[in-house]
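**Student:** Quick one: the structure is below, and I'll ask about it shortly.
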Amino acid sequence: METKRLLAGRLCLAIGATLLLFTSCKKNNDSDNEITQDDAADVMVQAVAGDSGGFALQTETSARVAGRTPLTCGQTRDTTFSGQSLPGALITWSYDIQMSRSLTCDNGVPQQFTFNYTGHNTYDAPRMSSSDNNTVNLIITGLQPAATGWVINQQYVRNGTQQSKIRQRRSFSSTLTITGSNIVVNKTTEKIVSGTATLQFVGQSSTGRSVQYGATLTFHGNNTGTLVFNNGHTVQLQW
């Protein structure tokens with residue numbers, strides 16, 4: 001078992017609020033107990049954004065672990081690592097992850113890393129706070145020395161409770177499933193440069209009412225992305 005402490009100051013060059021630009025994103029219901037699409041968007045954005053310790057940062061960290069601490073063919077290793085925001089950050093967050101990773105080879109040539117991990121995540125942002133547990137299955141290819149980026153495919157499931165700080169200030173629970181496809185992390189910068197993901201949000205209000213919202217995320221590099229809901233509503237992300 002090896003233990004690593006990864007602070008946000010080493011993982012992110014800047015800490016800032018996630019920028020949300022909503023395009024004609026309206027509520028489905030004015031009821032105080034209804035989880036709206038805006039609520040789901042806030043959860044999705046914070047679960048993804050690097051400055052909340054979310055999917056993007058954890059994906060980059062997994063690639064970094066694969067690149068900096070290589071395994072021998074067939075080897076499996078357990079790793080525990082954690083991260084947290086810097087003191088005074090606008091968005092405070094932390095995560096603790098227990099990871100098992102292994103290297104598969106073909107005739108002695110590395111082919112892919114397989115990561116399986118569970119963890120606990122929290123964040124406190126201007127629009128939303130959350131406490132979640134997550135389960136991740138992740139495969140990294142592009143291990144050849146000539147490849148400029150690691151290629152990551154994964155399923156990231158996050159279960160927890162949220163407290164909105166705006167609109168009707170709703171409290172609710174949710175499950176967010178993010179399925180990442182061909183997400184490329186540059187080997188030099190160790191940052192996401194491209195890739196897509198599908199997001200499925202299932203939320204349950206305090207009255208037991210359930211709602212579902214789906215969206216597609218496209219990464220553009222430079223800590224930016226576009227989240228497009230199934231009904232066409234769009235959110236631009238920057239972290």
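Ligands are numbered from 1 in the order shown, residues from 1 within each chain, and chains are lettered A, B, ... in the order they appear in the structure tokens.
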Excluding Gln75 of chain A and its own-chain neighbours fewer than 6 positions away, which residues fall within 10 Å of it when counting only C-alpha atoms? Please give them as a list in words.

**Tutor:** Arg101, Ser102, Leu103, Thr104 and Cys105 of chain A

**Student:** At a cut-off of 9 Å, using only C-alpha atoms, what residues contact Gln46 of chain A? Leave out same-chain residues fewer than 4 positions from it and give the result as a count of residues only.

**Tutor:** 13

**Student:** Taking only C-alpha atoms into account, which of A:Thr69, A:His233, A:Thr175, A:Met44 comes nearest Ala197 of chain A?

**Tutor:**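 When distances to Ala197 of chain A are compared using only C-alpha atoms, the smallest one comes from A:Met44.
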
**Student:** Given only C-alpha atoms as the basis, pick out the residue of A:Ser205, A:Ser131, A:Gln111, A:Gln98 nearest to Pro145 of chain A.

**Tutor:**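 Checking each candidate against Pro145 of chain A, we get A:Gln111 as the closest.
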
**Student:** Residues within 10 Å of segment 106-110 of chain A, please, as a list in words. Count only C-alpha atoms; anything in the same chain fewer than 4 positions from it doesn't count.

**Tutor:**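 So the residues in contact are Leu71, Thr72, Cys73, Gly74, Thr141, Gly142, Leu143 and Gln144 of chain A.
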
**Student:** What gap, in Å, lies between atom CA of Ile152 of chain A and atom CA of Thr216 of chain A?

**Tutor:**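 Between atom CA of Ile152 of chain A and atom CA of Thr216 of chain A the gap works out to 16.7 Å.
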
**Student:** Could you give me, as a list in words, the residues within 8 Å of Phe172 of chain A, counting only C-alpha atoms and dropping anything in the same chain fewer than 4 positions from it?

**Tutor:**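 Answer for this query is Ile35, Thr161, Gln162, Gln163, Gly203, Gln204, Ser205 and Ser206 of chain A.
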
**Student:** Of the candidates A:Arg170, A:His220, A:Lys165, A:Lys187, which one gets nearest to Ala147 of chain A if we count only C-alpha atoms?

**Tutor:**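 Smallest distance to Ala147 of chain A is found for A:Lys187.
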
**Student:** Determine, for each residue of segment 101-168 of chain A having at least one atom at most 6 Å from an atom of segment 180-185 of chain A, the closest pair of atoms and their separation in Å to one decimal, counting only C-alpha atoms; order by chain and ascending number, as JSON lines.

**Tutor:**
```
{"residue": "A:Gly149", "atom": "CA", "partner": "A:Val185", "partner_atom": "CA", "distance": 5.2}
{"residue": "A:Trp150", "atom": "CA", "partner": "A:Val185", "partner_atom": "CA", "distance": 5.2}
{"residue": "A:Val151", "atom": "CA", "partner": "A:Val184", "partner_atom": "CA", "distance": 4.6}
{"residue": "A:Ile152", "atom": "CA", "partner": "A:Ile183", "partner_atom": "CA", "distance": 5.0}
{"residue": "A:Asn153", "atom": "CA", "partner": "A:Ser181", "partner_atom": "CA", "distance": 4.9}
{"residue": "A:Gln154", "atom": "CA", "partner": "A:Gly180", "partner_atom": "CA", "distance": 5.1}
```

**Student:** Which one is closest to Asp132 of chain A: A:Arg209, A:Arg77, A:His120, A:Arg68? Count only C-alpha atoms.

**Tutor:**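 For Asp132 of chain A, the nearest of the candidates is A:His120.
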
**Student:** Go through A:Ile139, A:Leu57, A:Ala49, A:Ala40 and flag the residue nearest Thr226 of chain A, using only C-alpha atoms for the distances.

**Tutor:** A:Ala49

**Student:** Out of segment 12-166 of chain A, which residues get helix (DSSP H, G or I) from DSSP, as a VMD selection string?

**Tutor:** chain A and resid 37 to 48 50 to 52 55 to 68
